[in-house]
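*Asks:* Input: one structure, supplied below.
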Protein chains: 2
Amino acid sequence: MRAIHIVTTRLSSSFIRPVLLDFVSCSPLRQFSTPRRFICAASKVNGGSRSGSIVAPLVVNEEFQNIDVNPPKGTRDFPPEDMRLRNWLFNHFKEVSRLFGYEEVDFPVLETEALFIRKAGEEIRDQLYCFEDRGNRRVALRPELTPSLARLVIQKGKSVSLPLKWFAVGQCWRYERMTRGRRREHYQWNMDIIGMPEVTAEAELISSIVTFFKRIGITASDVGFKVSSRKVLQEFFKKYGVPEDLFGRVCIIIDKIEKIPIDEIKKELGFTGISDDAIEQLLQVFSVKSLDDLEDILGGAGEAIADLKQLFSLAEKFGYSEWIQFDASVVRGLAYYTGIVFEGFDREGKLRAICGGGRYDRLLSTYGGDDIPACGFGFGDAVIVELLKEKDLLPELGQEVENIVCALDKDLQGAATTIATALKDKGQTVDLVLESKPLKWVFKRAARVNARRPVLVGKLVRSVSRFCLQVSNFKSNLMTWSCSI
Amino acid sequence: MRAIHIVTTRLSSSFIRPVLLDFVSCSPLRQFSTPRRFICAASKVNGGSRSGSIVAPLVVNEEFQNIDVNPPKGTRDFPPEDMRLRNWLFNHFKEVSRLFGYEEVDFPVLETEALFIRKAGEEIRDQLYCFEDRGNRRVALRPELTPSLARLVIQKGKSVSLPLKWFAVGQCWRYERMTRGRRREHYQWNMDIIGMPEVTAEAELISSIVTFFKRIGITASDVGFKVSSRKVLQEFFKKYGVPEDLFGRVCIIIDKIEKIPIDEIKKELGFTGISDDAIEQLLQVFSVKSLDDLEDILGGAGEAIADLKQLFSLAEKFGYSEWIQFDASVVRGLAYYTGIVFEGFDREGKLRAICGGGRYDRLLSTYGGDDIPACGFGFGDAVIVELLKEKDLLPELGQEVENIVCALDKDLQGAATTIATALKDKGQTVDLVLESKPLKWVFKRAARVNARRPVLVGKLVRSVSRFCLQVSNFKSNLMTWSCSI
């Protein structure tokens, strides 16, 4: 049952009566004559459903070429339907972050290139959108948010009290080879804790992601977290006498284990100077799936094992034990991680990693700042949407407007405007139809914008007989009739 | 009166009793011993107020140079305090847009350069952040949002029903000379109506800006709108026989009237080939401040006058007559405007234009699309903040967290975690302190994050005598004591 409000105006002393409509058939009893110019307008733009093409001939001296109407390759437009989904997703990111007491931050999309150039052979370096600006500065569109965060923390220096709990939702850019579902820009949700050496930090970060998953309907049977620690590699290095300065480079190579053939991995590891024997042992370590086995291989419980055991114990307290599992193969592809690393994955194994993060205790000091322990994660907006599609969990999001206000006669546009303003002053959303339109058009538009209440401003041309009118005072100089259809 | 909640855990059968605190003096009766590692941590980082610097020595092979900790020149970081202001502002932009029934959209930050290259001598062209990407495409960081909007509308073609009412809040980039308060990036709120030839469209756009101003405390005595129409120039051209293809170029020159000496303006106009006599007449037209005078000069009421009169009449219906005034000198600096143009200004005359917009009926067709009438405005995030500062209207925005949960003993971290999770499950925001901390530290942090309820998890070491405890069931295995201080 939808209520239709027909509003007439009682301006000064003249009284205009409402239009007669056949509400039994839900359609106008007779077509109200459309002002001539709009009929012309409609007929000019193929098919008549698009109005508003009547334009006085105007002088424009611009000579544009016809442009490509698509966004640059690998980028996206967000028309309303996509923007609603983006807002839905981002609101969940933001609400979860605030639930955990994190403060929102942001950084420039365009950063100094040097911030992203590291020497560990990361993919990221060859994928930078970088250029020289008009002041001859080397700049780059940020490929990730963490370096900017580190920069800001160093800049803030002693003025901030640790620990900091910060989150951001920002756009990042990588010039990647385009494959299905892989674009050159994506938005990334980051949560970071700065100034906290305890594993409780990682545990809380994973907890927040789990909270996010639960809110959008994803369960522990849909996704899980693979967890490991880069300290495993550190301990291995110690045991096999591998030089410490190979740490980042080896991590980057190991991260590719599931992406390129194992012989390639071995070859790349060989280039670093690690012995064939150590490489074999190394690959064995990274295939381990239980902490006990890892303890055996590393020969005793070191820091890596202790951290991981603490994390699994905390997972119980946070209530997400069923979501996480140990998996030594997880190392993540960024050079700066130093401790626990984790990765969200879909249990069906169809998609790329959903999110990933870890501890990066040395990032600030490598940039020249104080040594401050830190950890965080990045969660992209692409894979999660794929997953929601797979699981049929994408929300149905339509436009929502409380009122659509339309003058049924050109003379009444002013009255319709006044009514729309009055409704908006009361905090109600209003789609004001900006020209007088036939009822059929208004109903079509009302359905499209999901207007809950059409408010029609018209004149009564015959006496009302076939439907009940409910009169109420709307505003001193306006009268409202409502009837149900 | 603030309530402090001391929570003890009753895990399995053992019962741990709450800590004894001297709530009369609002400080801990005795300092609880901090775990040794944190004392070390604090002492390591100059001054002791920053914790968490104890990190196991880890191997990192990265050789970064010390980086510049500032964002690139002309760009901004958004630390939490600035982000709160940005969110406050953007939320008003978005809420007002939704109140008017507009749908949110967005476009890539990085667009095809050709989209912004126009031949009318606009400043914008020389200020583009443009470069060649790795695929040899000429791309640019968007200097404004309207061309992307036009591109998207053309791309959508017949699949959308007109009129469209769209809004966006997006970052734009211009490589400008840096002066006080002028940066190289800013966020811009845009509202646009596509497919509406009537002046009701412009009237509604101005109404939405007025609504925004009112919401943030700005009145008609603080700001106003100067309104004119480019059709004035069009009619002048007709009258003086100036070639039509000079339209955009002349608009751009006229827009500089208040920025460069009048002789320069005359010289630039001379370069276009307009006669000296016409130039004198032209400058006279643009100094007119009343519609009647304009009618006299143009010799009769043409479309320009009719449009403007309709706008002033609609302003009455919308209820913002006192905000707008006619001013022929307003032409705006973008080539594509064709009809009514408007500009928000501060009445004290201290600031640059606050916002601006107008009708651009030919933009879509110059890009190769159908002729669809359109108008919109851009509203930056910089000048408005300056104005709010001037008027002492900047809001005070602190972090807001409902609970701060802290274990007063390392053994109780798990219990604190469980409590925090239970609170979050109830939808309450929680800042969980991730290591055990002395009360003093917790109170300091609670004050900083504006926590309404500190939840302390501790052990009772002596009997409670000096303050009243109120016992309530929190969860089956938890007990809460509250007392007022």
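Here's how to read the names in the structure tokens: chain A, B, ... by the order shown, residue numbers from 1 in each chain, ligand numbers from 1 in the order shown.
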Run DSSP on the backbone of this structure and report the residues of stretch 319-442 of chain B it assigns to strand (DSSP E), as a PyMOL selection string.

*Replies:* chain B and resi 324-326+340-346+355-359+374-380+401-407+430-432

*Asks:* Just N, CA and C atoms for this one: save the residues we selected as a short mmCIF file (atom, residue, chain, number, x, y, z; two decimals), in the first residue's frame.

*Replies:*
```cif
data_model
loop_
_atom_site.label_atom_id
_atom_site.label_comp_id
_atom_site.auth_asym_id
_atom_site.auth_seq_id
_atom_site.Cartn_x
_atom_site.Cartn_y
_atom_site.Cartn_z
N ILE B 324 21.57 35.86 -2.79
CA ILE B 324 22.09 36.03 -4.16
C ILE B 324 21.92 37.45 -4.72
N GLN B 325 22.83 37.80 -5.60
CA GLN B 325 22.80 39.11 -6.24
C GLN B 325 23.34 39.00 -7.66
N PHE B 326 22.82 39.85 -8.52
CA PHE B 326 23.33 39.85 -9.88
C PHE B 326 24.67 40.59 -9.93
N ILE B 340 23.85 30.35 -17.18
CA ILE B 340 24.01 30.95 -15.86
C ILE B 340 25.31 30.49 -15.22
N VAL B 341 26.01 31.42 -14.61
CA VAL B 341 27.22 31.10 -13.84
C VAL B 341 27.07 31.75 -12.47
N PHE B 342 27.63 31.10 -11.46
CA PHE B 342 27.53 31.67 -10.11
C PHE B 342 28.77 31.36 -9.31
N GLU B 343 28.92 32.11 -8.24
CA GLU B 343 30.16 32.07 -7.47
C GLU B 343 29.80 32.43 -6.03
N GLY B 344 30.22 31.60 -5.09
CA GLY B 344 30.02 31.93 -3.68
C GLY B 344 31.19 32.76 -3.18
N PHE B 345 30.91 33.83 -2.46
CA PHE B 345 32.01 34.71 -2.00
C PHE B 345 31.76 35.10 -0.54
N ASP B 346 32.85 35.40 0.17
CA ASP B 346 32.70 35.89 1.56
C ASP B 346 32.48 37.40 1.52
N CYS B 355 33.08 28.75 -3.87
CA CYS B 355 32.57 27.72 -4.76
C CYS B 355 32.12 28.39 -6.05
N GLY B 356 31.87 27.60 -7.07
CA GLY B 356 31.41 28.19 -8.31
C GLY B 356 30.82 27.14 -9.22
N GLY B 357 29.97 27.60 -10.11
CA GLY B 357 29.36 26.64 -11.01
C GLY B 357 28.58 27.32 -12.09
N GLY B 358 27.84 26.51 -12.83
CA GLY B 358 27.04 27.07 -13.90
C GLY B 358 26.56 26.01 -14.87
N ARG B 359 25.99 26.49 -15.94
CA ARG B 359 25.41 25.62 -16.96
C ARG B 359 26.44 25.34 -18.04
N ALA B 374 23.15 20.56 -19.14
CA ALA B 374 23.67 20.14 -17.84
C ALA B 374 24.15 21.36 -17.07
N CYS B 375 24.13 21.25 -15.77
CA CYS B 375 24.78 22.27 -14.95
C CYS B 375 25.24 21.67 -13.64
N GLY B 376 26.15 22.36 -12.99
CA GLY B 376 26.71 21.82 -11.76
C GLY B 376 27.59 22.83 -11.08
N PHE B 377 28.10 22.45 -9.93
CA PHE B 377 29.05 23.33 -9.25
C PHE B 377 30.19 22.53 -8.62
N GLY B 378 31.28 23.22 -8.34
CA GLY B 378 32.39 22.66 -7.59
C GLY B 378 32.59 23.48 -6.33
N PHE B 379 32.86 22.79 -5.23
CA PHE B 379 32.99 23.43 -3.93
C PHE B 379 34.21 22.82 -3.25
N GLY B 380 35.29 23.58 -3.14
CA GLY B 380 36.54 23.05 -2.61
C GLY B 380 36.56 22.93 -1.09
N VAL B 401 35.58 7.17 22.01
CA VAL B 401 35.58 5.73 22.24
C VAL B 401 34.73 5.48 23.48
N GLU B 402 33.85 4.48 23.43
CA GLU B 402 33.01 4.24 24.60
C GLU B 402 33.79 3.62 25.76
N ASN B 403 34.57 2.60 25.46
CA ASN B 403 35.29 1.90 26.53
C ASN B 403 36.78 1.86 26.27
N ILE B 404 37.56 1.98 27.33
CA ILE B 404 38.96 1.59 27.23
C ILE B 404 39.12 0.41 28.19
N VAL B 405 39.58 -0.70 27.65
CA VAL B 405 39.71 -1.93 28.45
C VAL B 405 41.18 -2.22 28.66
N CYS B 406 41.57 -2.41 29.91
CA CYS B 406 42.99 -2.65 30.19
C CYS B 406 43.17 -3.71 31.27
N ALA B 407 44.07 -4.64 31.00
CA ALA B 407 44.47 -5.61 32.01
C ALA B 407 45.53 -4.94 32.88
N VAL B 430 35.61 -0.02 21.51
CA VAL B 430 36.54 -0.41 22.57
C VAL B 430 37.97 -0.12 22.15
N ASP B 431 38.69 0.60 22.98
CA ASP B 431 40.14 0.68 22.82
C ASP B 431 40.73 -0.32 23.80
N LEU B 432 41.18 -1.45 23.29
CA LEU B 432 41.78 -2.47 24.15
C LEU B 432 43.27 -2.15 24.31
#
```

*Asks:* If you run DSSP on the backbone here, which positions in stretch 111-180 of chain B get alpha helix (DSSP H)? Please write them as a list in words.

*Replies:*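 Reading the DSSP output for stretch 111-180 of chain B, alpha helix (DSSP H) covers Glu123, Ile124, Arg125, Asp126, Thr146, Pro147, Ser148, Leu149, Ala150, Arg151, Leu152, Val153, Ile154, Gln155 and Lys156 of chain B.
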
*Asks:* Between A:Arg347, A:Arg448, A:Arg352, A:Lys459, which has the minimum distance to chain B (counting only C-alpha atoms)?

*Replies:*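 So, comparing all the options, the nearest one is A:Arg448.
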
*Asks:* I need the residue nearest A:Glu204 from this list: B:Ile260, B:Val433, B:Leu294, B:Val449. Use only C-alpha atoms for the distance.

*Replies:*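 Looking at the shortest contact to A:Glu204, the residue is B:Val433.
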
*Asks:* Which distance in Å separates atom CA of A:Ala416 and atom CA of A:Val457, to one decimal?

*Replies:*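 Atom CA of A:Val457 lies 6.1 Å from atom CA of A:Ala416.
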
*Asks:* Applying 9 Å and only C-alpha atoms, which residues near stretch 231-248 of chain B remain after dropping the ones on its own chain fewer than 4 positions away? List them as an MDAnalysis selection string.

*Replies:* (chainID A and resid 58:62) or (chainID B and resid 119:121 252:253 272:275 278 281:282 285:286 294 298 302:305 328 334:340)

*Asks:* Using only C-alpha atoms, which of A:Lys426, A:Arg98, A:His186, A:Lys73 sits nearest chain B?

*Replies:*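 Ranking A:Lys426, A:Arg98, A:His186, A:Lys73 by distance to chain B, first place goes to A:Arg98.
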
*Asks:* Choose the residue, out of A:Lys317, A:Lys391, A:Arg445, A:Lys410, that has the smallest atom-to-atom separation from chain B; count only C-alpha atoms.

*Replies:*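 With only C-alpha atoms as the atom set, the closest residue is A:Lys317.
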
*Asks:* Have a look at atom CA of A:Tyr360 and atom CA of A:Ile372 and let me know their distance in Å, one decimal.

*Replies:*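 Calculated distance between atom CA of A:Tyr360 and atom CA of A:Ile372 is 9.1 Å.
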
*Asks:* Quick one: everything within 9 Å of A:Gln155, counting only C-alpha atoms, minus sequence neighbours fewer than 5 positions away in the same chain. Send it as a count of residues only.

*Replies:* 5

*Asks:* Could you pull the residues within 12 Å of A:Trp88, counting only C-alpha atoms, minus those fewer than 3 positions along the same chain, as an NGL selection string?

*Replies:* :A and (81-85 or 91-95 or 215-216 or 381 or 385 or 394-398)

*Asks:* Take the residues from that selection and write them out as a tab-separated table (two decimals), in the first residue's frame, keeping N, CA and C atoms.

*Replies:*
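What ended up in selection39.tsv:
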```tsv
chain	number	residue	atom	x	y	z
A	81	GLU	N	25.29	2.88	-9.02
A	81	GLU	CA	25.10	1.51	-8.53
A	81	GLU	C	26.40	0.94	-7.96
A	82	ASP	N	27.53	1.27	-8.58
A	82	ASP	CA	28.82	0.79	-8.08
A	82	ASP	C	29.25	1.58	-6.84
A	83	MET	N	28.89	2.86	-6.83
A	83	MET	CA	29.24	3.71	-5.69
A	83	MET	C	28.50	3.25	-4.43
A	84	ARG	N	27.28	2.79	-4.61
A	84	ARG	CA	26.53	2.29	-3.44
A	84	ARG	C	27.23	1.09	-2.83
A	85	LEU	N	27.72	0.21	-3.70
A	85	LEU	CA	28.44	-0.97	-3.20
A	85	LEU	C	29.74	-0.54	-2.52
A	91	ASN	N	31.94	1.60	4.43
A	91	ASN	CA	31.31	1.86	5.73
A	91	ASN	C	31.58	0.71	6.70
A	92	HIS	N	31.57	-0.52	6.19
A	92	HIS	CA	31.91	-1.65	7.06
A	92	HIS	C	33.37	-1.56	7.51
A	93	PHE	N	34.26	-1.24	6.56
A	93	PHE	CA	35.68	-1.06	6.93
A	93	PHE	C	35.79	-0.04	8.07
A	94	LYS	N	35.10	1.08	7.88
A	94	LYS	CA	35.26	2.20	8.82
A	94	LYS	C	34.58	1.91	10.16
A	95	GLU	N	33.40	1.31	10.09
A	95	GLU	CA	32.70	1.03	11.34
A	95	GLU	C	33.45	0.00	12.18
A	215	ARG	N	30.35	-9.44	9.82
A	215	ARG	CA	29.33	-8.42	9.54
A	215	ARG	C	28.76	-8.53	8.13
A	216	ILE	N	29.61	-8.97	7.19
A	216	ILE	CA	29.12	-9.02	5.80
A	216	ILE	C	28.69	-10.43	5.43
A	381	ASP	N	39.77	-3.86	-2.08
A	381	ASP	CA	38.31	-3.84	-2.33
A	381	ASP	C	37.92	-4.72	-3.51
A	385	VAL	N	34.96	-8.45	-3.14
A	385	VAL	CA	33.72	-8.35	-3.93
A	385	VAL	C	33.54	-9.61	-4.78
A	394	LEU	N	26.36	-10.51	-2.14
A	394	LEU	CA	26.35	-9.08	-2.49
A	394	LEU	C	25.01	-8.47	-2.08
A	395	PRO	N	25.04	-7.35	-1.39
A	395	PRO	CA	23.78	-6.74	-0.95
A	395	PRO	C	23.04	-6.10	-2.11
A	396	GLU	N	21.73	-6.03	-2.01
A	396	GLU	CA	20.95	-5.29	-3.00
A	396	GLU	C	20.79	-3.87	-2.50
A	397	LEU	N	21.37	-2.94	-3.22
A	397	LEU	CA	21.39	-1.56	-2.74
A	397	LEU	C	20.76	-0.66	-3.79
A	398	GLY	N	19.59	-0.13	-3.48
A	398	GLY	CA	18.95	0.80	-4.40
A	398	GLY	C	19.08	2.22	-3.89
```

*Asks:* So, counting only C-alpha atoms, which residue among B:Thr200, B:Gln284, B:Gln171, B:Asn450 is closest to chain A?

*Replies:*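 Of the candidates, the smallest distance to chain A is held by B:Thr200.
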
*Asks:* Looking at only C-alpha atoms, which of A:Val331, A:Val105, A:Ala315, A:Ile262 is the one that sits closest to chain B?

*Replies:*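 Of A:Val331, A:Val105, A:Ala315, A:Ile262, the one nearest chain B, counting only C-alpha atoms, is A:Val105.
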
*Asks:* Near stretch 132-145 of chain A, within 10 Å and counting only C-alpha atoms, which residues show up once chain neighbours fewer than 2 positions away are dropped, as an MDAnalysis selection string?

*Replies:* (chainID A and resid 106:116 124:125 127:130 147:150 168:175 184:190 377:378) or (chainID B and resid 72:73 110 126:131 141 175:176)

*Asks:* If you measure from atom CA of A:Leu412 to atom CA of A:Gly458, what distance in Å do you get, rounded to one decimal?

*Replies:*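 Rounded to one decimal, the two atoms are 7.1 Å apart.
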